[in-house]
Amino acid sequence: MTDAELRQYLVTKFNLWKVEIIRLLKRVAPIVKHADNTLKINGYSLADLIAIIKGEVGNHTSQVRPHGETLAQLGGMTTATFDAQAVNYFPKDAVPLTKIPAGAGVFTSATIYTPNNLDIVYYGRKLRVPSGNVTLSGTARLYLKVVVTGIGPAEAAVFAISANANEDSRNMVVGWLDYAGGNWTPTFIRTVRIGAAVLSATVRGNGIPYSSGSQAAAGSIPTTWFQ
């Protein structure tokens, strides 16, 4: 075999195993210190080949989408779709904050009360509590609650009536109804929570006292907490 035939043979074999050689050289190239075999292939030494291969691999991997795949081919979504869904999946609050404004409602009969729709922020996510009837009974105070079920971003919330004011992370008192003289009188309250703890000016289970006024003023615990 002549020198020219030998070189062509080596080049052919090199091309057949090029992918595997690139993988192996990329892995060990940083630790190669020298080469004992100084014979050349097509005029290139082993060090030359390593440098060329590293350069080609680097040029390829540094490209954005080197193979030209589209977002759809990779199973992605458009910017418009992402923006529309992001508000449900990625809460913008840095703390597990819940905010419930004071609501309203109407009586449809002596024993049926219908709270209006209520838009709340539950643990940082926007959530609507749809209007729905609650049944009133007895002659004592009844508590109106928002009850949340499901796992985010698929939570659902409804109004419920309860004889007690017990609360947890998914059951929140948003008002009450007092019975007197054959009539029910509703009272709504605003609710702000950090986790399951309620910011409150009055003593309340899981309550956190707060003070009003300028942030520059000295803080204090409301006197309503000492009764």
# chains A, B, ... in the order shown; residues from 1 in each chain; ligands from 1
$ residues_around --residues "A:Leu142" --least-positions-apart "5" --cutoff "10 Å" --atoms "only C-alpha atoms" --output "PyMOL selection string"
chain A and resi 136-137+161-165+175-179+184+186
$ write_last_selection --atoms "C-alpha atoms" --output "compact mmCIF listing (two decimals), in the first residue's frame"
# COMPACT_ATOMS: atom_id res chain seq x y z
CA LEU A 136 -79.94 30.54 56.78
CA SER A 137 -81.38 28.84 59.81
CA ILE A 161 -72.51 29.24 55.63
CA SER A 162 -71.30 28.00 59.02
CA ALA A 163 -72.39 28.22 62.63
CA ASN A 164 -68.76 28.65 63.73
CA ALA A 165 -65.93 31.01 62.83
CA GLY A 175 -68.60 38.15 56.95
CA TRP A 176 -71.51 37.12 59.14
CA LEU A 177 -75.29 37.39 59.38
CA ASP A 178 -77.07 38.36 62.60
CA TYR A 179 -80.69 37.45 63.32
CA TRP A 184 -81.08 38.79 59.05
CA PRO A 186 -75.32 40.81 56.76
$ select_by_dssp --residues "stretch 41-139 of chain A" --states "helix (DSSP H, G or I)" --output "MDAnalysis selection string"
chainID A and resid 46:61 79:89
$ residues_around --residues "stretch 192-208 of chain A" --least-positions-apart "6" --cutoff "9 Å" --atoms "only C-alpha atoms" --output "number ranges by chain"
A: 95-101, 123, 165-170, 221-227
$ select_by_dssp --residues "stretch 51-186 of chain A" --states "strand (DSSP E)" --output "PyMOL selection string"
chain A and resi 97-100+105-107+112-115+118-122+125-129+134-135+142-149+156-162+171-180+183-186
$ write_last_selection --atoms "N, CA and C atoms" --output "compact mmCIF listing (two decimals), in the first residue's frame"
# COMPACT_ATOMS: atom_id res chain seq x y z
N LEU A 97 -49.85 35.40 49.67
CA LEU A 97 -50.80 36.44 50.07
C LEU A 97 -52.20 36.14 49.57
N THR A 98 -53.17 36.34 50.45
CA THR A 98 -54.58 36.24 50.09
C THR A 98 -55.26 37.56 50.40
N LYS A 99 -56.02 38.08 49.45
CA LYS A 99 -56.74 39.34 49.65
C LYS A 99 -58.19 39.16 49.22
N ILE A 100 -59.09 39.46 50.13
CA ILE A 100 -60.53 39.34 49.86
C ILE A 100 -61.19 40.66 50.20
N GLY A 105 -74.50 41.49 48.82
CA GLY A 105 -75.43 40.44 48.45
C GLY A 105 -76.86 40.87 48.71
N VAL A 106 -77.82 39.97 48.39
CA VAL A 106 -79.23 40.29 48.55
C VAL A 106 -79.97 39.09 49.14
N PHE A 107 -81.08 39.37 49.78
CA PHE A 107 -81.95 38.32 50.29
C PHE A 107 -82.99 37.99 49.23
N ILE A 112 -82.92 32.56 52.53
CA ILE A 112 -81.93 32.43 51.45
C ILE A 112 -81.21 33.75 51.25
N TYR A 113 -79.90 33.70 51.31
CA TYR A 113 -79.08 34.88 51.07
C TYR A 113 -78.16 34.59 49.89
N THR A 114 -78.02 35.55 49.00
CA THR A 114 -77.23 35.36 47.79
C THR A 114 -76.09 36.36 47.72
N PRO A 115 -74.89 35.96 48.11
CA PRO A 115 -73.74 36.87 47.95
C PRO A 115 -73.44 37.10 46.47
N LEU A 118 -67.47 37.53 43.73
CA LEU A 118 -66.40 38.17 44.47
C LEU A 118 -65.06 37.77 43.84
N ASP A 119 -64.29 38.74 43.41
CA ASP A 119 -62.96 38.49 42.86
C ASP A 119 -61.92 38.64 43.96
N ILE A 120 -61.17 37.57 44.20
CA ILE A 120 -60.19 37.57 45.28
C ILE A 120 -58.82 37.20 44.74
N VAL A 121 -57.80 37.41 45.56
CA VAL A 121 -56.46 36.90 45.29
C VAL A 121 -56.19 35.83 46.34
N TYR A 122 -56.02 34.59 45.88
CA TYR A 122 -55.81 33.48 46.81
C TYR A 122 -54.40 32.93 46.62
N ARG A 125 -52.87 34.07 43.46
CA ARG A 125 -53.56 33.83 42.20
C ARG A 125 -54.93 34.50 42.20
N LYS A 126 -55.31 35.03 41.05
CA LYS A 126 -56.64 35.60 40.92
C LYS A 126 -57.66 34.47 40.88
N LEU A 127 -58.72 34.66 41.64
CA LEU A 127 -59.74 33.62 41.74
C LEU A 127 -61.10 34.28 41.90
N ARG A 128 -62.10 33.78 41.19
CA ARG A 128 -63.46 34.32 41.31
C ARG A 128 -64.31 33.38 42.15
N VAL A 129 -65.04 33.99 43.10
CA VAL A 129 -66.03 33.26 43.89
C VAL A 129 -67.38 33.58 43.28
N VAL A 134 -76.96 30.73 49.85
CA VAL A 134 -76.68 30.03 51.10
C VAL A 134 -77.96 30.06 51.94
N THR A 135 -78.20 28.96 52.63
CA THR A 135 -79.42 28.82 53.42
C THR A 135 -79.18 29.22 54.87
N LEU A 142 -74.60 33.60 62.10
CA LEU A 142 -74.05 32.64 61.16
C LEU A 142 -72.89 33.31 60.41
N TYR A 143 -71.88 32.53 60.10
CA TYR A 143 -70.67 33.07 59.46
C TYR A 143 -70.65 32.71 57.98
N LEU A 144 -70.36 33.70 57.16
CA LEU A 144 -70.23 33.50 55.74
C LEU A 144 -68.75 33.26 55.42
N LYS A 145 -68.47 32.17 54.73
CA LYS A 145 -67.09 31.80 54.45
C LYS A 145 -66.88 31.62 52.94
N VAL A 146 -65.63 31.79 52.54
CA VAL A 146 -65.19 31.38 51.21
C VAL A 146 -64.40 30.10 51.40
N VAL A 147 -64.81 29.05 50.69
CA VAL A 147 -64.17 27.74 50.80
C VAL A 147 -63.49 27.43 49.46
N VAL A 148 -62.20 27.10 49.52
CA VAL A 148 -61.42 26.83 48.32
C VAL A 148 -61.09 25.35 48.23
N THR A 149 -61.29 24.78 47.05
CA THR A 149 -60.94 23.38 46.81
C THR A 149 -60.05 23.30 45.57
N ALA A 156 -60.93 26.15 42.91
CA ALA A 156 -62.30 26.65 42.78
C ALA A 156 -62.75 27.14 44.15
N ALA A 157 -63.58 28.18 44.16
CA ALA A 157 -64.02 28.76 45.43
C ALA A 157 -65.53 28.93 45.42
N VAL A 158 -66.16 28.73 46.57
CA VAL A 158 -67.61 28.90 46.72
C VAL A 158 -67.90 29.57 48.05
N PHE A 159 -69.10 30.14 48.15
CA PHE A 159 -69.58 30.66 49.43
C PHE A 159 -70.20 29.51 50.23
N ALA A 160 -70.02 29.56 51.54
CA ALA A 160 -70.63 28.57 52.41
C ALA A 160 -71.05 29.25 53.70
N ILE A 161 -72.03 28.68 54.37
CA ILE A 161 -72.51 29.24 55.63
C ILE A 161 -72.11 28.28 56.75
N SER A 162 -71.76 28.83 57.91
CA SER A 162 -71.30 28.00 59.02
C SER A 162 -71.75 28.61 60.33
N ASN A 171 -60.51 27.73 54.35
CA ASN A 171 -61.81 28.18 54.83
C ASN A 171 -61.62 29.54 55.48
N MET A 172 -62.22 30.57 54.88
CA MET A 172 -61.95 31.94 55.31
C MET A 172 -63.25 32.68 55.59
N VAL A 173 -63.36 33.25 56.78
CA VAL A 173 -64.53 34.04 57.13
C VAL A 173 -64.48 35.38 56.41
N VAL A 174 -65.53 35.70 55.67
CA VAL A 174 -65.59 36.97 54.93
C VAL A 174 -66.76 37.84 55.39
N GLY A 175 -67.48 37.37 56.42
CA GLY A 175 -68.60 38.15 56.95
C GLY A 175 -69.48 37.29 57.83
N TRP A 176 -70.57 37.87 58.32
CA TRP A 176 -71.51 37.12 59.14
C TRP A 176 -72.91 37.70 58.96
N LEU A 177 -73.90 36.95 59.44
CA LEU A 177 -75.29 37.39 59.38
C LEU A 177 -75.89 37.25 60.76
N ASP A 178 -76.45 38.34 61.27
CA ASP A 178 -77.07 38.36 62.60
C ASP A 178 -78.58 38.35 62.46
N TYR A 179 -79.24 37.56 63.33
CA TYR A 179 -80.69 37.45 63.32
C TYR A 179 -81.29 38.27 64.46
N ALA A 180 -82.26 39.09 64.13
CA ALA A 180 -82.94 39.89 65.16
C ALA A 180 -84.30 40.34 64.62
N ASN A 183 -85.44 39.22 61.16
CA ASN A 183 -84.65 39.61 59.99
C ASN A 183 -83.18 39.25 60.18
N TRP A 184 -82.52 39.03 59.06
CA TRP A 184 -81.08 38.79 59.05
C TRP A 184 -80.38 40.04 58.55
N THR A 185 -79.28 40.40 59.21
CA THR A 185 -78.49 41.56 58.79
C THR A 185 -77.08 41.09 58.44
N PRO A 186 -76.65 41.27 57.16
CA PRO A 186 -75.32 40.81 56.76
C PRO A 186 -74.24 41.86 57.06
$ atom_distance --atom1 "atom CA of A:Thr61" --atom2 "atom CA of A:Lys18"
16.5 Å
$ closest_residue --among "A:Gly219, A:Ser109, A:Gly132, A:Ala102" --to "A:Thr191" --atoms "only C-alpha atoms"
A:Ala102
$ atom_distance --atom1 "atom CA of A:Ser211" --atom2 "atom CA of A:Ile189"
17.3 Å
$ closest_residue --among "A:Glu69, A:Ile151, A:Tyr9, A:Ile22" --to "A:Glu56" --atoms "only C-alpha atoms"
A:Ile22
$ atom_distance --atom1 "atom CA of A:Arg190" --atom2 "atom CA of A:Gly103"
8.0 Å
$ residues_around --residues "A:Ser220" --least-positions-apart "4" --cutoff "10 Å" --atoms "only C-alpha atoms" --output "VMD selection string"
chain A and resid 209 to 212
